[in-house]
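Source file: my_file-v7.pdb. Holds: PDB, C-alpha atoms.
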```pdb
ATOM      1  CA  MET A 282      27.162  12.396 -54.792
ATOM      2  CA  ARG A 283      28.013  15.478 -56.830
ATOM      3  CA  LYS A 284      25.211  17.019 -58.859
ATOM      4  CA  ARG A 285      26.789  16.500 -62.272
ATOM      5  CA  THR A 286      27.676  12.910 -61.395
ATOM      6  CA  GLN A 287      24.058  12.340 -60.424
ATOM      7  CA  SER A 288      22.922  13.988 -63.662
ATOM      8  CA  ARG A 289      25.156  11.671 -65.678
ATOM      9  CA  GLU A 290      23.699   8.621 -63.920
ATOM     10  CA  ILE A 291      20.189   9.818 -64.693
ATOM     11  CA  ALA A 292      21.133  10.500 -68.313
ATOM     12  CA  LEU A 293      22.668   7.023 -68.640
ATOM     13  CA  LYS A 294      19.522   5.390 -67.272
ATOM     14  CA  ILE A 295      17.336   7.304 -69.709
ATOM     15  CA  LEU A 296      19.625   6.643 -72.694
ATOM     16  CA  TYR A 297      19.640   2.953 -71.757
ATOM     17  CA  GLN A 298      15.839   2.952 -71.579
ATOM     18  CA  ILE A 299      15.541   4.617 -74.984
ATOM     19  CA  ASP A 300      18.030   2.147 -76.467
ATOM     20  CA  ILE A 301      16.107  -0.949 -75.364
ATOM     21  CA  ALA A 302      12.609   0.495 -75.944
ATOM     22  CA  PRO A 303      12.890   3.252 -78.560
ATOM     23  CA  GLN A 304      10.923   6.368 -77.732
ATOM     24  CA  ASP A 305      11.211  10.126 -77.866
ATOM     25  CA  ALA A 306      14.099  11.359 -75.703
ATOM     26  CA  LYS A 307      12.180  14.290 -74.269
ATOM     27  CA  ALA A 308       9.205  12.083 -73.346
ATOM     28  CA  ALA A 309      11.460   9.523 -71.630
ATOM     29  CA  LEU A 310      13.293  12.293 -69.798
ATOM     30  CA  ASP A 311      10.081  14.034 -68.698
ATOM     31  CA  ASP A 312       8.626  10.736 -67.500
ATOM     32  CA  PHE A 313      11.721   9.952 -65.442
ATOM     33  CA  LEU A 314      11.966  13.425 -63.943
ATOM     34  CA  ASN A 315       8.241  13.516 -63.117
ATOM     35  CA  HIS A 316       8.703  10.333 -61.088
ATOM     36  CA  ASN A 317      11.705  11.845 -59.301
ATOM     37  CA  GLU A 318      10.390  15.252 -58.329
ATOM     38  CA  ASP A 319      12.814  15.596 -55.420
ATOM     39  CA  LEU A 320      15.738  16.227 -57.802
ATOM     40  CA  GLY A 321      17.083  19.764 -57.866
ATOM     41  CA  ALA A 322      16.573  22.053 -60.851
ATOM     42  CA  ASP A 323      20.281  22.020 -61.724
ATOM     43  CA  ILE A 324      20.351  18.212 -61.790
ATOM     44  CA  LYS A 325      17.271  18.113 -64.001
ATOM     45  CA  GLU A 326      18.696  20.779 -66.303
ATOM     46  CA  PHE A 327      22.056  19.047 -66.826
ATOM     47  CA  SER A 328      20.374  15.641 -67.262
ATOM     48  CA  HIS A 329      18.121  17.185 -69.910
ATOM     49  CA  LYS A 330      21.103  18.740 -71.679
ATOM     50  CA  LEU A 331      22.932  15.392 -71.751
ATOM     51  CA  VAL A 332      20.029  13.256 -72.936
ATOM     52  CA  VAL A 333      18.665  15.618 -75.568
ATOM     53  CA  GLY A 334      22.139  16.584 -76.783
ATOM     54  CA  THR A 335      23.238  12.970 -77.075
ATOM     55  CA  ARG A 336      20.107  11.917 -78.939
ATOM     56  CA  ASN A 337      20.126  14.951 -81.238
ATOM     57  CA  ASN A 338      23.735  14.284 -82.245
ATOM     58  CA  LEU A 339      23.576  10.497 -82.259
ATOM     59  CA  GLU A 340      24.692  10.047 -85.861
ATOM     60  CA  ALA A 341      27.919  12.055 -85.399
ATOM     61  CA  ILE A 342      28.549  10.501 -81.992
ATOM     62  CA  ASP A 343      28.078   6.934 -83.249
ATOM     63  CA  LYS A 344      30.326   7.658 -86.221
ATOM     64  CA  ASN A 345      33.161   8.684 -83.896
ATOM     65  CA  ILE A 346      32.662   5.776 -81.523
ATOM     66  CA  THR A 347      32.708   3.339 -84.428
ATOM     67  CA  LYS A 348      35.859   4.964 -85.787
ATOM     68  CA  PHE A 349      37.779   4.573 -82.520
ATOM     69  CA  ALA A 350      36.347   1.351 -81.053
ATOM     70  CA  ASP A 351      38.664  -0.994 -82.910
ATOM     71  CA  ASN A 352      37.048  -4.271 -83.938
ATOM     72  CA  TRP A 353      33.740  -3.360 -82.287
ATOM     73  CA  GLU A 354      30.384  -2.713 -83.901
ATOM     74  CA  LEU A 355      27.991  -0.508 -81.944
ATOM     75  CA  LYS A 356      25.211  -3.071 -82.066
ATOM     76  CA  ARG A 357      27.514  -5.724 -80.570
ATOM     77  CA  MET A 358      28.596  -3.610 -77.598
ATOM     78  CA  ALA A 359      26.898  -4.044 -74.253
ATOM     79  CA  ILE A 360      23.991  -1.595 -74.081
ATOM     80  CA  VAL A 361      25.392   0.061 -70.957
ATOM     81  CA  ASP A 362      28.859   0.482 -72.487
ATOM     82  CA  ARG A 363      27.430   1.839 -75.730
ATOM     83  CA  ASN A 364      25.386   4.460 -73.901
ATOM     84  CA  ILE A 365      28.210   5.480 -71.584
ATOM     85  CA  LEU A 366      30.353   6.014 -74.674
ATOM     86  CA  ARG A 367      27.598   8.022 -76.344
ATOM     87  CA  LEU A 368      27.108  10.200 -73.299
ATOM     88  CA  ALA A 369      30.823  10.838 -72.850
ATOM     89  CA  CYS A 370      31.381  11.383 -76.551
ATOM     90  CA  PHE A 371      28.644  14.025 -76.533
ATOM     91  CA  GLU A 372      30.452  15.810 -73.711
ATOM     92  CA  LEU A 373      33.808  15.592 -75.484
ATOM     93  CA  MET A 374      32.387  16.839 -78.763
ATOM     94  CA  PHE A 375      29.945  19.521 -77.690
ATOM     95  CA  LEU A 376      30.483  20.630 -74.081
ATOM     96  CA  GLU A 377      33.711  22.578 -74.192
ATOM     97  CA  ASP A 378      33.304  23.871 -70.626
ATOM     98  CA  ILE A 379      33.876  20.363 -69.216
ATOM     99  CA  PRO A 380      37.509  19.205 -69.113
ATOM    100  CA  SER A 381      38.026  15.994 -71.075
ATOM    101  CA  LYS A 382      39.723  14.350 -68.085
ATOM    102  CA  VAL A 383      36.565  14.912 -66.031
ATOM    103  CA  THR A 384      34.358  13.459 -68.769
ATOM    104  CA  ILE A 385      36.544  10.374 -69.154
ATOM    105  CA  ASN A 386      36.849   9.809 -65.405
ATOM    106  CA  GLU A 387      33.088  10.124 -64.907
ATOM    107  CA  ALA A 388      32.452   7.689 -67.778
ATOM    108  CA  VAL A 389      34.886   5.144 -66.349
ATOM    109  CA  GLU A 390      33.202   5.406 -62.949
ATOM    110  CA  LEU A 391      29.792   4.834 -64.556
ATOM    111  CA  ALA A 392      31.220   1.806 -66.352
ATOM    112  CA  LYS A 393      32.614   0.393 -63.111
ATOM    113  CA  LYS A 394      29.264   0.881 -61.396
ATOM    114  CA  TYR A 395      26.881  -0.255 -64.140
ATOM    115  CA  GLY A 396      28.952  -2.213 -66.659
ATOM    116  CA  GLY A 397      30.727  -5.526 -66.753
ATOM    117  CA  ILE A 398      34.087  -6.505 -65.302
ATOM    118  CA  ASP A 399      36.135  -4.986 -68.121
ATOM    119  CA  SER A 400      33.804  -2.096 -68.971
ATOM    120  CA  GLY A 401      35.931   0.523 -67.239
ATOM    121  CA  LYS A 402      39.027  -0.438 -69.219
ATOM    122  CA  PHE A 403      37.072  -0.600 -72.472
ATOM    123  CA  ILE A 404      35.428   2.801 -71.944
ATOM    124  CA  ASN A 405      38.730   4.379 -70.927
ATOM    125  CA  GLY A 406      40.531   3.000 -73.980
ATOM    126  CA  VAL A 407      37.950   4.178 -76.504
ATOM    127  CA  LEU A 408      37.489   7.607 -74.926
ATOM    128  CA  ASP A 409      41.244   8.124 -74.673
ATOM    129  CA  LYS A 410      41.558   7.550 -78.432
ATOM    130  CA  ILE A 411      38.637   9.866 -79.145
ATOM    131  CA  ASN A 412      40.068  12.554 -76.885
ATOM    132  CA  LYS A 413      43.491  12.407 -78.545
ATOM    133  CA  GLU A 414      41.848  13.087 -81.922
ATOM    134  CA  ASP A 415      40.152  16.250 -80.582
ATOM    135  CA  ILE A 416      36.805  15.607 -82.283
ATOM    136  CA  LYS A 417      35.114  18.771 -81.044
ATOM    137  CA  LYS A 418      31.965  19.542 -83.002
ATOM    138  CA  SER A 419      32.785  17.211 -85.882
TER     139      SER A 419
END
```
Will you turn the file into structure tokens for me?
Amino acid sequence: MRKRTQSREIALKILYQIDIAPQDAKAALDDFLNHNEDLGADIKEFSHKLVVGTRNNLEAIDKNITKFADNWELKRMAIVDRNILRLACFELMFLEDIPSKVTINEAVELAKKYGGIDSGKFINGVLDKINKEDIKKS
């Protein structure tokens, strides 16, 4: 598995954990990484960037997801889907060095692996709308 793909999986797991049992993002991240010491520094660094960046920009991220997820409220989305969208939306909005196609593809793959039957289609549809609006740093 590629390092950034692995980092995204770690970030998703931590964001999921924070969503179901609210806690400080840095504490949750440090706890996870301390129990997985065999991870490389680059994986830890990118995971940290994703988790902290997503949590620090949650209000703007959630606003955009809500705007483009037609007929869906954030609180009614599956927790996994909601956090995949948050993670990917953070990348689309704030990480300009990552091509949007890569972000969307990685999010869809996470949805297929961790979400429900239709999660991949749902994630792809919402992220495609967000990407077309070019919401960088809004």
I would like the residues chosen by the PyMOL selection byres ((chain A and resi 397-403) around 12) on the shown file; could you give them as a VMD selection string? chain A and resid 346 349 to 351 353 358 to 366 385 to 396 404 to 410
Which residue is closest to Asn337 of chain A? Choose from A:Glu290, A:Asp305, A:Glu354, A:Asp319 and count all atoms listed in the file.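 Under the stated criterion, the closest residue is A:Asp305.
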For atom CA of Ile324 of chain A and atom CA of Ser288 of chain A, the interatomic separation in Å (one decimal):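 These atoms are spaced 5.3 Å apart.
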Between A:Thr347, A:Ser328, A:Gly334, A:Leu296, single out the one closest to Glu372 of chain A, counting all atoms listed in the file.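 With all atoms listed in the file as the atom set, the closest residue is A:Gly334.
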Can you rebuild segment 309-320 of chain A with all heavy atoms and give it as a short mmCIF file (atom, residue, chain, number, x, y, z; two decimals), in the frame of the given file?
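Written out: selection_32.cif:
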```
data_model
loop_
_atom_site.label_atom_id
_atom_site.label_comp_id
_atom_site.auth_asym_id
_atom_site.auth_seq_id
_atom_site.Cartn_x
_atom_site.Cartn_y
_atom_site.Cartn_z
N ALA A 309 10.83 10.42 -72.61
CA ALA A 309 11.46 9.52 -71.63
C ALA A 309 12.06 10.33 -70.48
O ALA A 309 11.93 9.95 -69.30
CB ALA A 309 12.54 8.68 -72.30
N LEU A 310 12.69 11.43 -70.81
CA LEU A 310 13.29 12.29 -69.80
C LEU A 310 12.22 12.89 -68.89
O LEU A 310 12.34 12.84 -67.66
CB LEU A 310 14.09 13.40 -70.48
CG LEU A 310 14.81 14.39 -69.60
CD1 LEU A 310 15.90 13.70 -68.80
CD2 LEU A 310 15.42 15.50 -70.44
N ASP A 311 11.16 13.44 -69.49
CA ASP A 311 10.08 14.03 -68.70
C ASP A 311 9.44 13.00 -67.79
O ASP A 311 9.15 13.28 -66.62
CB ASP A 311 9.03 14.66 -69.61
CG ASP A 311 9.52 15.92 -70.30
OD1 ASP A 311 10.56 16.49 -69.86
OD2 ASP A 311 8.89 16.34 -71.29
N ASP A 312 9.22 11.80 -68.30
CA ASP A 312 8.63 10.74 -67.50
C ASP A 312 9.51 10.41 -66.30
O ASP A 312 9.03 10.30 -65.16
CB ASP A 312 8.40 9.50 -68.36
CG ASP A 312 7.68 8.39 -67.62
OD1 ASP A 312 6.63 8.67 -67.01
OD2 ASP A 312 8.17 7.24 -67.64
N PHE A 313 10.80 10.27 -66.54
CA PHE A 313 11.72 9.95 -65.44
C PHE A 313 11.74 11.07 -64.40
O PHE A 313 11.64 10.82 -63.20
CB PHE A 313 13.14 9.73 -65.97
CG PHE A 313 14.12 9.31 -64.91
CD1 PHE A 313 14.33 7.98 -64.64
CD2 PHE A 313 14.82 10.26 -64.17
CE1 PHE A 313 15.22 7.59 -63.64
CE2 PHE A 313 15.71 9.88 -63.18
CZ PHE A 313 15.91 8.53 -62.91
N LEU A 314 11.87 12.29 -64.87
CA LEU A 314 11.97 13.42 -63.94
C LEU A 314 10.66 13.65 -63.18
O LEU A 314 10.69 14.06 -62.02
CB LEU A 314 12.40 14.68 -64.69
CG LEU A 314 13.81 14.62 -65.30
CD1 LEU A 314 14.13 15.89 -66.06
CD2 LEU A 314 14.87 14.33 -64.24
N ASN A 315 9.53 13.37 -63.81
CA ASN A 315 8.24 13.52 -63.12
C ASN A 315 8.09 12.50 -62.00
O ASN A 315 7.38 12.75 -61.03
CB ASN A 315 7.08 13.39 -64.11
CG ASN A 315 6.94 14.61 -64.99
OD1 ASN A 315 7.40 15.70 -64.64
ND2 ASN A 315 6.32 14.44 -66.14
N HIS A 316 8.75 11.35 -62.13
CA HIS A 316 8.70 10.33 -61.09
C HIS A 316 9.80 10.53 -60.04
O HIS A 316 9.91 9.74 -59.10
CB HIS A 316 8.79 8.93 -61.71
CG HIS A 316 7.53 8.52 -62.38
ND1 HIS A 316 7.30 8.75 -63.70
CD2 HIS A 316 6.41 7.92 -61.89
CE1 HIS A 316 6.10 8.30 -64.02
NE2 HIS A 316 5.54 7.80 -62.94
N ASN A 317 10.62 11.54 -60.24
CA ASN A 317 11.70 11.84 -59.30
C ASN A 317 11.70 13.34 -59.03
O ASN A 317 12.68 14.04 -59.28
CB ASN A 317 13.05 11.40 -59.89
CG ASN A 317 13.13 9.90 -60.03
OD1 ASN A 317 13.41 9.19 -59.07
ND2 ASN A 317 12.85 9.40 -61.22
N GLU A 318 10.60 13.82 -58.52
CA GLU A 318 10.39 15.25 -58.33
C GLU A 318 11.33 15.88 -57.31
O GLU A 318 11.51 17.09 -57.29
CB GLU A 318 8.94 15.52 -57.93
CG GLU A 318 7.96 15.18 -59.03
CD GLU A 318 6.52 15.35 -58.60
OE1 GLU A 318 6.27 15.77 -57.45
OE2 GLU A 318 5.63 15.07 -59.43
N ASP A 319 11.94 15.07 -56.46
CA ASP A 319 12.81 15.60 -55.42
C ASP A 319 14.18 16.05 -55.94
O ASP A 319 14.98 16.62 -55.21
CB ASP A 319 12.99 14.56 -54.30
CG ASP A 319 13.55 13.24 -54.81
OD1 ASP A 319 13.25 12.86 -55.96
OD2 ASP A 319 14.29 12.59 -54.06
N LEU A 320 14.45 15.82 -57.22
CA LEU A 320 15.74 16.23 -57.80
C LEU A 320 15.77 17.75 -57.95
O LEU A 320 14.77 18.36 -58.30
CB LEU A 320 15.94 15.58 -59.17
CG LEU A 320 16.04 14.06 -59.18
CD1 LEU A 320 16.04 13.55 -60.62
CD2 LEU A 320 17.29 13.60 -58.45
#
```
